[in-house]
Amino acid sequence: MSRSAHPAGPRHADVLPEGHYTAPPTDLNALDPRVWARTVDRNADGVVTVGGMDVQTLAEEFGTPGYFLDEADFRARCRAWREAFGADADVFYAGKAFLCRAVVRWLNEEGLNLDVCSGGELATALAAGMPAERIALHGNNKSEAEIRRAVEAGVGRIVLDSFQEIVRVAHIAERLGKRQRVQIRVTVGVEAHTHEFIATAHEDQKFGIPLAGGLAAEAVRRALKLDGLELIGVHSHIGSQIFDTSGFEVAAHRVVGLLKEVRDEHGVELPEIDLGGGLGIAYTSEDDPREPHEIAKALRDIVHRECESAGLAVPRLSVEPGRAIAGPTAFTLYEVGTVKELPGLRTYVSVDGGMSDNIRTALYDAEYSVALVSRTSTAEPMLSRVVGKHCESGDIVVRDAFLPADLAPGDLIAVPATGAYCRSMASNYNHALRPPVVAVADGRAREIVRRETEEDLLRLDVG
C-alpha cells in the first residue's frame with residue numbers, strides 16, 4: 001500500500017508499519033545476485049569489486065557519489081533480450097531509462113533498436129551513430145521541431161499520441177516530401193499493479209488515445225486517409241515495474257480486437273503491434289522478475305492466441321525494455337558522512353549524495369537495497385535509513401535497511417539497481433553537481449558521462 005503524501009512532501013517522521021520489513025539478513029556481507037550487477041563480488045579483503053576493479057580504487061579515481069556501470073552486464077542483457085525475441089520481432093531499448101552516446105553505441109553493436117521521447121534523446125542517438133531507421137520517437141506532446149528533425153532523419157517510426165499529432169506529423173511529412181511510418185498509441189483500460197504515478201494504461205491519464213468510445217478506431221480512420229502517413233500498427237504500454245504478464249494478456253486481447261475492427265472496416269491488416277515495456281527488476285531480495293526468454297514466450301503465445309481467435313495474421317511484435325536492461329547493471333557509490341542514532345527508532349546514515357542523484361524514493365516510495373562495500377563487518381545489524389545531504393526532510397535514498405552497527409564516517413556504501421532513471425532524473429537541487437557514470441569492464445574504468453563541475457553550473461548562469 002502506498003503511503004499518503006504530505007502536502008509539503010513525503011512524510012518523514014513515520015515509524016515502520018508492522019510487517020513492513022522482514023528480519024535482518026543472516027549475513028550483512030552477502031550480495032544477492034538478483035539485485036547486484038553480474039560481475040559484482042567481494043575480493044579477498046572483503047572489498048566489493050565490479051568488472052575486476054574494487055570500489056576503493058574507483059572512489060579514489062572518480063570520487064563519490066558516482067554511478068558505476070557493469071558494461072559486460074549491460075551488453076549481456078541486450079543480447080538476452082535480442083536472442084529471446086529473435087529475428088522476427090523488434091526490441092527497442094527505452095532510452096528514457098538511461099541514455100548517453102556510449103550506451104547508444106553498445107545498443108547498435110548488440111543489435112537493439114532505440115526508443116527516444118525527446119529532441120535531446122534523438123540528438124544523442126543520431127550523434128552516436130544509431131541508424132535512424134532503427135529509432136522510434138515517442139512523446140505525448142512532440143514539438144514541431146522534434147517531429148521535423150525525426151522525419152528529416154528518417155526515423156523508423158513515430159508513435160502518434162493524439163488527434164492533433166496525427167495531423168501535425170502528416171503535414172510535416174508532406175511538406176518534406178516524405179511518407180512517415182507511424183503507430184498509434186492506444187490506452188486499453190488495463191491498469192498494471194504498480195504505483196499510481198507509473199501506471200499508464202487506464203483511461204484517465206495523459207498518454208495515448210483510448211479504445212473506449214471508439215476513439216482509437218477513429219484515430220486509425222484519420223491516419224489511413226493522410227498521404228503523409230504510413231500506418232504500420234498500434235502501440236500499447238500498461239505500466240512499469242511489472243512482474244507478470246497477465247496485464248499484457250488483457251491488453252493484447254483489446255489491441256488485437258482493434259486490429260480486427262480495422263480489418264473489417266478498411267480491409268487492411270496492420271502489420272505491427274508494440275506491447276511496450278515496463279517489465280520489473282529486483283530492487284530488493286523480495287522482488288522476483290522474469291527472465292527475457294520467459295517474457296518473450298509469454299508475449300508471443302498471447303499474441304498468437306489472440307490473432308488466431310480473431311482470424312488475423314500474426315503481426316510483427318515489438319517490445320521496449322529499458323529498466324530491465326539498464327537497471328540492474330549499475331550501483332551508486334556513496335561515502336558515509338554522519339551516523340545518527342535515534343534510540344528506539346532507527347539510525348540515520350547520511351551520505352554525500354541524495355535526492356539529486358536518486359529522486360525515485362521520494363517520488364515513488366521506491367524501495368532499494370544497500371550494503372557496506374569498502375569492508376566486511378561482523379557487527380550486529382542496525383535498522384537504518386540512508387538519507388542525503390539536501391535541505392529536505394524527504395531526502396531519503398533507502399527508507400528501511402539493515403547495516404552493520406559499526407558503520408562509521410568514511411565507509412563506502414552502495415545502492416544497487418540504480419542504472420535506470422537515477423541519472424536520467426538527476427537534478428542540481430541545492431546546486432548539487434550531478435555524479436558521473438563510470439563504465440567498468442575487464443579491470444578498466446572510464447567515464448561515459450563526466451561529473452559536473454562548478455564551472456558547468458556557472459556557465460548556464462548568465463546573470
# chains A, B, ... in the order shown; residues from 1 in each chain; ligands from 1

$ select_by_dssp --residues "segment 275-446 of chain A" --states "alpha helix (DSSP H)" --output "VMD selection string"
chain A and resid 292 to 310 323 to 326 360 to 364

$ select_by_dssp --residues "segment 95-209 of chain A" --states "strand (DSSP E)" --output "PDB file with N, CA and C atoms, in the first residue's frame"
ATOM      1  N   ASN A 113      17.269  -1.907 -31.231  1.00  0.00           N
ATOM      2  CA  ASN A 113      16.768  -0.628 -31.704  1.00  0.00           C
ATOM      3  C   ASN A 113      16.650   0.314 -30.510  1.00  0.00           C
ATOM      4  N   LEU A 114      16.249   1.551 -30.768  1.00  0.00           N
ATOM      5  CA  LEU A 114      16.225   2.558 -29.711  1.00  0.00           C
ATOM      6  C   LEU A 114      14.947   3.379 -29.758  1.00  0.00           C
ATOM      7  N   ASP A 115      14.321   3.507 -28.603  1.00  0.00           N
ATOM      8  CA  ASP A 115      13.132   4.335 -28.432  1.00  0.00           C
ATOM      9  C   ASP A 115      13.536   5.620 -27.731  1.00  0.00           C
ATOM     10  N   VAL A 116      13.232   6.772 -28.345  1.00  0.00           N
ATOM     11  CA  VAL A 116      13.528   8.071 -27.743  1.00  0.00           C
ATOM     12  C   VAL A 116      12.228   8.835 -27.558  1.00  0.00           C
ATOM     13  N   ILE A 135      15.282   3.813 -35.015  1.00  0.00           N
ATOM     14  CA  ILE A 135      14.863   4.703 -33.932  1.00  0.00           C
ATOM     15  C   ILE A 135      13.354   4.904 -33.994  1.00  0.00           C
ATOM     16  N   ALA A 136      12.713   4.875 -32.814  1.00  0.00           N
ATOM     17  CA  ALA A 136      11.299   5.222 -32.695  1.00  0.00           C
ATOM     18  C   ALA A 136      11.189   6.460 -31.824  1.00  0.00           C
ATOM     19  N   LEU A 137      10.301   7.373 -32.202  1.00  0.00           N
ATOM     20  CA  LEU A 137      10.088   8.597 -31.428  1.00  0.00           C
ATOM     21  C   LEU A 137       8.737   8.530 -30.731  1.00  0.00           C
ATOM     22  N   ARG A 157       9.958   4.922 -36.994  1.00  0.00           N
ATOM     23  CA  ARG A 157       8.548   5.084 -36.630  1.00  0.00           C
ATOM     24  C   ARG A 157       8.380   6.269 -35.694  1.00  0.00           C
ATOM     25  N   ILE A 158       7.243   6.914 -35.795  1.00  0.00           N
ATOM     26  CA  ILE A 158       6.807   7.907 -34.826  1.00  0.00           C
ATOM     27  C   ILE A 158       5.515   7.378 -34.219  1.00  0.00           C
ATOM     28  N   VAL A 159       5.439   7.359 -32.905  1.00  0.00           N
ATOM     29  CA  VAL A 159       4.252   6.862 -32.211  1.00  0.00           C
ATOM     30  C   VAL A 159       3.332   8.047 -31.948  1.00  0.00           C
ATOM     31  N   LEU A 160       2.161   8.021 -32.590  1.00  0.00           N
ATOM     32  CA  LEU A 160       1.206   9.131 -32.512  1.00  0.00           C
ATOM     33  C   LEU A 160       0.392   9.020 -31.230  1.00  0.00           C
ATOM     34  N   GLN A 180       5.815   9.189 -43.635  1.00  0.00           N
ATOM     35  CA  GLN A 180       6.380   8.752 -42.371  1.00  0.00           C
ATOM     36  C   GLN A 180       5.663   7.528 -41.823  1.00  0.00           C
ATOM     37  N   ARG A 181       6.449   6.510 -41.463  1.00  0.00           N
ATOM     38  CA  ARG A 181       5.898   5.323 -40.804  1.00  0.00           C
ATOM     39  C   ARG A 181       5.479   5.695 -39.384  1.00  0.00           C
ATOM     40  N   VAL A 182       4.250   5.314 -39.002  1.00  0.00           N
ATOM     41  CA  VAL A 182       3.726   5.686 -37.690  1.00  0.00           C
ATOM     42  C   VAL A 182       2.973   4.518 -37.062  1.00  0.00           C
ATOM     43  N   GLN A 183       2.904   4.557 -35.734  1.00  0.00           N
ATOM     44  CA  GLN A 183       1.994   3.717 -34.963  1.00  0.00           C
ATOM     45  C   GLN A 183       1.095   4.637 -34.147  1.00  0.00           C
ATOM     46  N   ILE A 184      -0.057   4.130 -33.763  1.00  0.00           N
ATOM     47  CA  ILE A 184      -0.955   4.882 -32.887  1.00  0.00           C
ATOM     48  C   ILE A 184      -0.903   4.264 -31.498  1.00  0.00           C
ATOM     49  N   ARG A 185      -0.609   5.109 -30.509  1.00  0.00           N
ATOM     50  CA  ARG A 185      -0.596   4.622 -29.135  1.00  0.00           C
ATOM     51  C   ARG A 185      -2.028   4.639 -28.593  1.00  0.00           C
ATOM     52  N   VAL A 186      -2.464   3.478 -28.136  1.00  0.00           N
ATOM     53  CA  VAL A 186      -3.820   3.362 -27.597  1.00  0.00           C
ATOM     54  C   VAL A 186      -3.753   3.043 -26.108  1.00  0.00           C
ATOM     55  N   THR A 187      -4.684   3.577 -25.364  1.00  0.00           N
ATOM     56  CA  THR A 187      -4.827   3.201 -23.957  1.00  0.00           C
ATOM     57  C   THR A 187      -5.950   2.177 -23.877  1.00  0.00           C
ATOM     58  N   ILE A 209      -4.484   7.303 -26.962  1.00  0.00           N
ATOM     59  CA  ILE A 209      -5.864   7.535 -27.398  1.00  0.00           C
ATOM     60  C   ILE A 209      -6.688   6.337 -26.934  1.00  0.00           C
TER      61      ILE A 209
END

$ closest_atom_pairs --of "segment 382-461 of chain A" --to "segment 88-97 of chain A" --cutoff "7 Å" --atoms "only C-alpha atoms" --output "tab-separated table"
residue	atom	partner	partner_atom	distance
A:Ala420	CA	A:Ala97	CA	4.5
A:Tyr421	CA	A:Ala97	CA	4.8
A:Ser424	CA	A:Ala97	CA	6.6

$ residues_around --residues "Tyr368 of chain A" --least-positions-apart "3" --cutoff "7 Å" --atoms "only C-alpha atoms" --output "PDB file with all heavy atoms, in the first residue's frame"
ATOM      1  N   TYR A 283      14.847  -4.823  -7.053  1.00  0.00           N
ATOM      2  CA  TYR A 283      15.470  -3.773  -6.248  1.00  0.00           C
ATOM      3  C   TYR A 283      15.837  -4.311  -4.866  1.00  0.00           C
ATOM      4  O   TYR A 283      16.748  -3.809  -4.226  1.00  0.00           O
ATOM      5  CB  TYR A 283      14.518  -2.585  -6.094  1.00  0.00           C
ATOM      6  CG  TYR A 283      14.366  -1.765  -7.350  1.00  0.00           C
ATOM      7  CD1 TYR A 283      13.238  -1.865  -8.147  1.00  0.00           C
ATOM      8  CD2 TYR A 283      15.359  -0.873  -7.748  1.00  0.00           C
ATOM      9  CE1 TYR A 283      13.086  -1.109  -9.290  1.00  0.00           C
ATOM     10  CE2 TYR A 283      15.224  -0.109  -8.894  1.00  0.00           C
ATOM     11  CZ  TYR A 283      14.087  -0.228  -9.665  1.00  0.00           C
ATOM     12  OH  TYR A 283      13.956   0.524 -10.802  1.00  0.00           O
ATOM     13  N   THR A 284      15.091  -5.310  -4.407  1.00  0.00           N
ATOM     14  CA  THR A 284      15.370  -5.968  -3.141  1.00  0.00           C
ATOM     15  C   THR A 284      15.301  -7.473  -3.360  1.00  0.00           C
ATOM     16  O   THR A 284      14.826  -7.949  -4.403  1.00  0.00           O
ATOM     17  CB  THR A 284      14.362  -5.570  -2.049  1.00  0.00           C
ATOM     18  OG1 THR A 284      13.104  -6.199  -2.307  1.00  0.00           O
ATOM     19  CG2 THR A 284      14.174  -4.051  -1.998  1.00  0.00           C
ATOM     20  N   VAL A 398      17.399   5.214   0.858  1.00  0.00           N
ATOM     21  CA  VAL A 398      16.871   3.899   1.204  1.00  0.00           C
ATOM     22  C   VAL A 398      16.099   4.063   2.499  1.00  0.00           C
ATOM     23  O   VAL A 398      16.675   4.384   3.541  1.00  0.00           O
ATOM     24  CB  VAL A 398      17.988   2.851   1.371  1.00  0.00           C
ATOM     25  CG1 VAL A 398      17.380   1.473   1.646  1.00  0.00           C
ATOM     26  CG2 VAL A 398      18.869   2.800   0.128  1.00  0.00           C
ATOM     27  N   VAL A 415      24.262   1.432  -3.272  1.00  0.00           N
ATOM     28  CA  VAL A 415      22.860   1.114  -3.528  1.00  0.00           C
ATOM     29  C   VAL A 415      22.784   0.496  -4.914  1.00  0.00           C
ATOM     30  O   VAL A 415      23.091   1.162  -5.909  1.00  0.00           O
ATOM     31  CB  VAL A 415      21.975   2.372  -3.450  1.00  0.00           C
ATOM     32  CG1 VAL A 415      20.532   2.055  -3.826  1.00  0.00           C
ATOM     33  CG2 VAL A 415      22.046   2.977  -2.051  1.00  0.00           C
TER      34      VAL A 415
END

$ residues_around --residues "segment 372-375 of chain A" --least-positions-apart "3" --cutoff "9 Å" --atoms "only C-alpha atoms" --output "mmCIF file with all heavy atoms, in the first residue's frame"
data_model
loop_
_atom_site.group_PDB
_atom_site.id
_atom_site.type_symbol
_atom_site.label_atom_id
_atom_site.label_comp_id
_atom_site.auth_asym_id
_atom_site.auth_seq_id
_atom_site.Cartn_x
_atom_site.Cartn_y
_atom_site.Cartn_z
ATOM 1 N N LEU A 28 25.097 -9.850 6.604
ATOM 2 C CA LEU A 28 25.078 -8.494 6.057
ATOM 3 C C LEU A 28 26.118 -8.296 4.961
ATOM 4 O O LEU A 28 26.051 -7.305 4.217
ATOM 5 C CB LEU A 28 25.318 -7.477 7.173
ATOM 6 C CG LEU A 28 24.181 -7.284 8.184
ATOM 7 C CD1 LEU A 28 24.609 -6.298 9.266
ATOM 8 C CD2 LEU A 28 22.919 -6.787 7.498
ATOM 9 N N ASN A 29 27.061 -9.204 4.854
ATOM 10 C CA ASN A 29 28.114 -9.063 3.842
ATOM 11 C C ASN A 29 27.748 -9.714 2.511
ATOM 12 O O ASN A 29 28.461 -9.537 1.522
ATOM 13 C CB ASN A 29 29.415 -9.676 4.361
ATOM 14 C CG ASN A 29 29.883 -9.021 5.649
ATOM 15 O OD1 ASN A 29 29.990 -7.802 5.725
ATOM 16 N ND2 ASN A 29 30.143 -9.831 6.669
ATOM 17 N N ARG A 42 32.952 -9.742 -3.853
ATOM 18 C CA ARG A 42 33.887 -9.245 -2.843
ATOM 19 C C ARG A 42 35.239 -9.925 -3.055
ATOM 20 O O ARG A 42 35.301 -11.120 -3.309
ATOM 21 C CB ARG A 42 33.386 -9.533 -1.426
ATOM 22 C CG ARG A 42 32.237 -8.651 -0.981
ATOM 23 C CD ARG A 42 31.968 -8.808 0.515
ATOM 24 N NE ARG A 42 30.762 -8.114 0.914
ATOM 25 C CZ ARG A 42 30.715 -6.848 1.321
ATOM 26 N NH1 ARG A 42 31.834 -6.145 1.374
ATOM 27 N NH2 ARG A 42 29.568 -6.293 1.674
ATOM 28 N N ASP A 45 39.954 -9.278 0.469
ATOM 29 C CA ASP A 45 39.988 -8.326 1.574
ATOM 30 C C ASP A 45 38.597 -7.869 1.997
ATOM 31 O O ASP A 45 38.465 -7.008 2.878
ATOM 32 C CB ASP A 45 40.817 -7.096 1.172
ATOM 33 C CG ASP A 45 42.273 -7.446 0.915
ATOM 34 O OD1 ASP A 45 42.813 -8.291 1.660
ATOM 35 O OD2 ASP A 45 42.851 -6.887 -0.034
ATOM 36 N N GLY A 46 37.561 -8.415 1.356
ATOM 37 C CA GLY A 46 36.201 -8.046 1.706
ATOM 38 C C GLY A 46 35.686 -6.800 1.019
ATOM 39 O O GLY A 46 34.579 -6.334 1.323
ATOM 40 N N VAL A 47 36.458 -6.249 0.084
ATOM 41 C CA VAL A 47 36.043 -5.048 -0.642
ATOM 42 C C VAL A 47 35.265 -5.462 -1.885
ATOM 43 O O VAL A 47 35.662 -6.393 -2.595
ATOM 44 C CB VAL A 47 37.262 -4.198 -1.029
ATOM 45 C CG1 VAL A 47 36.822 -2.930 -1.768
ATOM 46 C CG2 VAL A 47 38.074 -3.833 0.213
ATOM 47 N N VAL A 48 34.169 -4.789 -2.147
ATOM 48 C CA VAL A 48 33.346 -5.117 -3.311
ATOM 49 C C VAL A 48 34.059 -4.688 -4.590
ATOM 50 O O VAL A 48 34.684 -3.617 -4.657
ATOM 51 C CB VAL A 48 31.964 -4.454 -3.193
ATOM 52 C CG1 VAL A 48 31.215 -4.505 -4.530
ATOM 53 C CG2 VAL A 48 31.140 -5.142 -2.103
ATOM 54 N N THR A 49 33.951 -5.538 -5.606
ATOM 55 C CA THR A 49 34.531 -5.242 -6.911
ATOM 56 C C THR A 49 33.448 -5.309 -7.980
ATOM 57 O O THR A 49 32.424 -5.975 -7.817
ATOM 58 C CB THR A 49 35.636 -6.257 -7.270
ATOM 59 O OG1 THR A 49 35.061 -7.575 -7.358
ATOM 60 C CG2 THR A 49 36.738 -6.262 -6.222
ATOM 61 N N ASP A 54 38.066 -2.703 -7.641
ATOM 62 C CA ASP A 54 37.438 -2.565 -6.330
ATOM 63 C C ASP A 54 36.922 -1.145 -6.128
ATOM 64 O O ASP A 54 37.412 -0.180 -6.738
ATOM 65 C CB ASP A 54 38.405 -2.967 -5.213
ATOM 66 C CG ASP A 54 39.536 -1.974 -5.027
ATOM 67 O OD1 ASP A 54 39.311 -0.912 -4.416
ATOM 68 O OD2 ASP A 54 40.645 -2.250 -5.509
ATOM 69 N N VAL A 55 35.921 -1.016 -5.261
ATOM 70 C CA VAL A 55 35.237 0.267 -5.088
ATOM 71 C C VAL A 55 36.123 1.319 -4.446
ATOM 72 O O VAL A 55 35.928 2.524 -4.672
ATOM 73 C CB VAL A 55 33.933 0.097 -4.287
ATOM 74 C CG1 VAL A 55 32.932 -0.746 -5.053
ATOM 75 C CG2 VAL A 55 34.191 -0.468 -2.894
ATOM 76 N N GLN A 56 37.101 0.916 -3.644
ATOM 77 C CA GLN A 56 38.000 1.908 -3.063
ATOM 78 C C GLN A 56 38.829 2.587 -4.143
ATOM 79 O O GLN A 56 38.984 3.816 -4.145
ATOM 80 C CB GLN A 56 38.901 1.247 -2.022
ATOM 81 C CG GLN A 56 38.163 0.837 -0.755
ATOM 82 C CD GLN A 56 39.064 0.127 0.234
ATOM 83 O OE1 GLN A 56 39.979 -0.600 -0.158
ATOM 84 N NE2 GLN A 56 38.794 0.327 1.512
ATOM 85 N N LEU A 333 27.572 4.600 -5.660
ATOM 86 C CA LEU A 333 28.548 4.510 -4.578
ATOM 87 C C LEU A 333 28.566 5.819 -3.801
ATOM 88 O O LEU A 333 28.695 6.897 -4.381
ATOM 89 C CB LEU A 333 29.936 4.222 -5.157
ATOM 90 C CG LEU A 333 31.070 3.950 -4.171
ATOM 91 C CD1 LEU A 333 30.806 2.662 -3.385
ATOM 92 C CD2 LEU A 333 32.408 3.854 -4.915
ATOM 93 N N LEU A 403 22.094 -2.210 8.241
ATOM 94 C CA LEU A 403 23.518 -2.034 8.010
ATOM 95 C C LEU A 403 24.266 -2.424 9.282
ATOM 96 O O LEU A 403 23.676 -2.457 10.371
ATOM 97 C CB LEU A 403 23.817 -0.581 7.627
ATOM 98 C CG LEU A 403 23.398 -0.171 6.206
ATOM 99 C CD1 LEU A 403 23.416 1.339 6.045
ATOM 100 C CD2 LEU A 403 24.300 -0.829 5.162
ATOM 101 N N PRO A 404 25.557 -2.706 9.190
ATOM 102 C CA PRO A 404 26.304 -3.100 10.390
ATOM 103 C C PRO A 404 26.351 -1.978 11.417
ATOM 104 O O PRO A 404 26.483 -0.799 11.077
ATOM 105 C CB PRO A 404 27.703 -3.418 9.849
ATOM 106 C CG PRO A 404 27.525 -3.659 8.401
ATOM 107 C CD PRO A 404 26.391 -2.791 7.969
ATOM 108 N N LEU A 407 29.107 0.789 11.456
ATOM 109 C CA LEU A 407 29.253 1.703 10.322
ATOM 110 C C LEU A 407 29.760 3.051 10.826
ATOM 111 O O LEU A 407 29.303 3.557 11.857
ATOM 112 C CB LEU A 407 27.902 1.874 9.621
ATOM 113 C CG LEU A 407 27.919 2.554 8.250
ATOM 114 C CD1 LEU A 407 28.476 1.603 7.201
ATOM 115 C CD2 LEU A 407 26.516 2.997 7.851
ATOM 116 N N ASP A 411 33.203 5.247 5.631
ATOM 117 C CA ASP A 411 32.871 3.980 4.981
ATOM 118 C C ASP A 411 32.201 4.252 3.637
ATOM 119 O O ASP A 411 31.524 5.274 3.451
ATOM 120 C CB ASP A 411 31.923 3.158 5.856
ATOM 121 C CG ASP A 411 32.634 2.422 6.979
ATOM 122 O OD1 ASP A 411 33.819 2.081 6.805
ATOM 123 O OD2 ASP A 411 31.999 2.178 8.022
ATOM 124 N N LEU A 412 32.365 3.305 2.730
ATOM 125 C CA LEU A 412 31.664 3.366 1.446
ATOM 126 C C LEU A 412 30.480 2.414 1.488
ATOM 127 O O LEU A 412 30.619 1.255 1.894
ATOM 128 C CB LEU A 412 32.592 2.970 0.298
ATOM 129 C CG LEU A 412 33.814 3.855 0.055
ATOM 130 C CD1 LEU A 412 34.666 3.271 -1.082
ATOM 131 C CD2 LEU A 412 33.405 5.285 -0.262
ATOM 132 N N ILE A 413 29.321 2.904 1.103
ATOM 133 C CA ILE A 413 28.155 2.050 0.942
ATOM 134 C C ILE A 413 27.645 2.202 -0.482
ATOM 135 O O ILE A 413 27.925 3.198 -1.150
ATOM 136 C CB ILE A 413 27.031 2.363 1.962
ATOM 137 C CG1 ILE A 413 26.480 3.785 1.756
ATOM 138 C CG2 ILE A 413 27.520 2.170 3.390
ATOM 139 C CD1 ILE A 413 25.276 4.088 2.647
ATOM 140 N N ALA A 414 26.937 1.193 -0.961
ATOM 141 C CA ALA A 414 26.454 1.219 -2.341
ATOM 142 C C ALA A 414 25.004 0.791 -2.390
ATOM 143 O O ALA A 414 24.576 -0.099 -1.653
ATOM 144 C CB ALA A 414 27.296 0.323 -3.238
#

$ closest_residue --among "A:Glu174, A:Asp365, A:Glu230, A:Glu341" --to "Leu270 of chain A" --atoms "only C-alpha atoms"
A:Glu230

$ atom_distance --atom1 "atom CA of His237 of chain A" --atom2 "atom CA of Asp264 of chain A"
24.6 Å

$ residues_around --residues "Ser309 of chain A" --least-positions-apart "6" --cutoff "10 Å" --atoms "only C-alpha atoms" --output "list of chain:residue names"
A:His253, A:Val256, A:Gly257, A:Val303

$ write_last_selection --atoms "all heavy atoms" --output "PDB file, in the first residue's frame"
ATOM      1  N   HIS A 253      -5.434  -8.695 -25.972  1.00  0.00           N
ATOM      2  CA  HIS A 253      -6.789  -9.044 -26.402  1.00  0.00           C
ATOM      3  C   HIS A 253      -7.509  -7.817 -26.955  1.00  0.00           C
ATOM      4  O   HIS A 253      -8.147  -7.883 -28.017  1.00  0.00           O
ATOM      5  CB  HIS A 253      -7.562  -9.640 -25.228  1.00  0.00           C
ATOM      6  CG  HIS A 253      -9.010  -9.885 -25.518  1.00  0.00           C
ATOM      7  ND1 HIS A 253      -9.435 -10.923 -26.312  1.00  0.00           N
ATOM      8  CD2 HIS A 253     -10.126  -9.206 -25.133  1.00  0.00           C
ATOM      9  CE1 HIS A 253     -10.764 -10.885 -26.401  1.00  0.00           C
ATOM     10  NE2 HIS A 253     -11.196  -9.853 -25.700  1.00  0.00           N
ATOM     11  N   VAL A 256      -5.675  -6.461 -30.259  1.00  0.00           N
ATOM     12  CA  VAL A 256      -5.996  -7.311 -31.415  1.00  0.00           C
ATOM     13  C   VAL A 256      -7.454  -7.118 -31.825  1.00  0.00           C
ATOM     14  O   VAL A 256      -7.786  -7.158 -33.018  1.00  0.00           O
ATOM     15  CB  VAL A 256      -5.691  -8.792 -31.096  1.00  0.00           C
ATOM     16  CG1 VAL A 256      -6.229  -9.702 -32.188  1.00  0.00           C
ATOM     17  CG2 VAL A 256      -4.189  -8.996 -30.933  1.00  0.00           C
ATOM     18  N   GLY A 257      -8.301  -6.852 -30.861  1.00  0.00           N
ATOM     19  CA  GLY A 257      -9.691  -6.527 -31.194  1.00  0.00           C
ATOM     20  C   GLY A 257      -9.775  -5.290 -32.078  1.00  0.00           C
ATOM     21  O   GLY A 257     -10.590  -5.234 -33.017  1.00  0.00           O
ATOM     22  N   VAL A 303      -0.054 -13.141 -28.118  1.00  0.00           N
ATOM     23  CA  VAL A 303      -0.379 -12.514 -29.407  1.00  0.00           C
ATOM     24  C   VAL A 303      -0.838 -13.561 -30.416  1.00  0.00           C
ATOM     25  O   VAL A 303      -1.839 -13.355 -31.134  1.00  0.00           O
ATOM     26  CB  VAL A 303       0.828 -11.722 -29.938  1.00  0.00           C
ATOM     27  CG1 VAL A 303       0.566 -11.223 -31.361  1.00  0.00           C
ATOM     28  CG2 VAL A 303       1.136 -10.544 -29.019  1.00  0.00           C
TER      29      VAL A 303
END

$ closest_atom_pairs --of "segment 275-353 of chain A" --to "segment 63-82 of chain A" --cutoff "6 Å" --atoms "only C-alpha atoms" --output "JSON lines"
{"residue": "A:Pro292", "atom": "CA", "partner": "A:Trp81", "partner_atom": "CA", "distance": 5.5}
{"residue": "A:Ile325", "atom": "CA", "partner": "A:Arg77", "partner_atom": "CA", "distance": 5.5}
{"residue": "A:Thr329", "atom": "CA", "partner": "A:Asp70", "partner_atom": "CA", "distance": 5.3}
{"residue": "A:Ala330", "atom": "CA", "partner": "A:Leu69", "partner_atom": "CA", "distance": 4.1}
{"residue": "A:Phe331", "atom": "CA", "partner": "A:Phe68", "partner_atom": "CA", "distance": 5.6}
{"residue": "A:Thr332", "atom": "CA", "partner": "A:Tyr67", "partner_atom": "CA", "distance": 4.5}
{"residue": "A:Leu333", "atom": "CA", "partner": "A:Pro65", "partner_atom": "CA", "distance": 5.4}
{"residue": "A:Tyr334", "atom": "CA", "partner": "A:Pro65", "partner_atom": "CA", "distance": 4.8}
{"residue": "A:Gly353", "atom": "CA", "partner": "A:Pro65", "partner_atom": "CA", "distance": 5.7}

$ write_last_selection --atoms "N, CA, C and O atoms" --output "mmCIF file, in the first residue's frame"
data_model
loop_
_atom_site.group_PDB
_atom_site.id
_atom_site.type_symbol
_atom_site.label_atom_id
_atom_site.label_comp_id
_atom_site.auth_asym_id
_atom_site.auth_seq_id
_atom_site.Cartn_x
_atom_site.Cartn_y
_atom_site.Cartn_z
ATOM 1 N N PRO A 292 14.172 -12.722 -19.723
ATOM 2 C CA PRO A 292 13.717 -12.333 -21.056
ATOM 3 C C PRO A 292 13.102 -13.467 -21.858
ATOM 4 O O PRO A 292 12.095 -13.267 -22.552
ATOM 5 N N ILE A 325 16.944 -3.660 -18.797
ATOM 6 C CA ILE A 325 18.318 -3.777 -19.290
ATOM 7 C C ILE A 325 19.263 -2.946 -18.427
ATOM 8 O O ILE A 325 20.235 -3.453 -17.877
ATOM 9 N N THR A 329 22.337 -3.049 -13.925
ATOM 10 C CA THR A 329 23.736 -3.050 -14.332
ATOM 11 C C THR A 329 24.593 -2.037 -13.580
ATOM 12 O O THR A 329 25.812 -2.023 -13.754
ATOM 13 N N ALA A 330 23.991 -1.183 -12.754
ATOM 14 C CA ALA A 330 24.767 -0.133 -12.094
ATOM 15 C C ALA A 330 24.398 -0.031 -10.624
ATOM 16 O O ALA A 330 23.290 -0.385 -10.211
ATOM 17 N N PHE A 331 25.340 0.462 -9.839
ATOM 18 C CA PHE A 331 25.062 0.834 -8.455
ATOM 19 C C PHE A 331 25.593 2.241 -8.215
ATOM 20 O O PHE A 331 26.470 2.729 -8.942
ATOM 21 N N THR A 332 25.041 2.888 -7.197
ATOM 22 C CA THR A 332 25.513 4.207 -6.808
ATOM 23 C C THR A 332 26.390 4.061 -5.577
ATOM 24 O O THR A 332 25.986 3.448 -4.584
ATOM 25 N N LEU A 333 27.572 4.600 -5.660
ATOM 26 C CA LEU A 333 28.548 4.510 -4.578
ATOM 27 C C LEU A 333 28.566 5.819 -3.801
ATOM 28 O O LEU A 333 28.695 6.897 -4.381
ATOM 29 N N TYR A 334 28.420 5.715 -2.479
ATOM 30 C CA TYR A 334 28.406 6.882 -1.596
ATOM 31 C C TYR A 334 29.459 6.736 -0.505
ATOM 32 O O TYR A 334 29.825 5.617 -0.121
ATOM 33 N N GLY A 353 25.419 12.128 -1.246
ATOM 34 C CA GLY A 353 24.522 12.369 -2.369
ATOM 35 C C GLY A 353 23.118 12.569 -1.843
ATOM 36 O O GLY A 353 22.897 13.256 -0.862
#
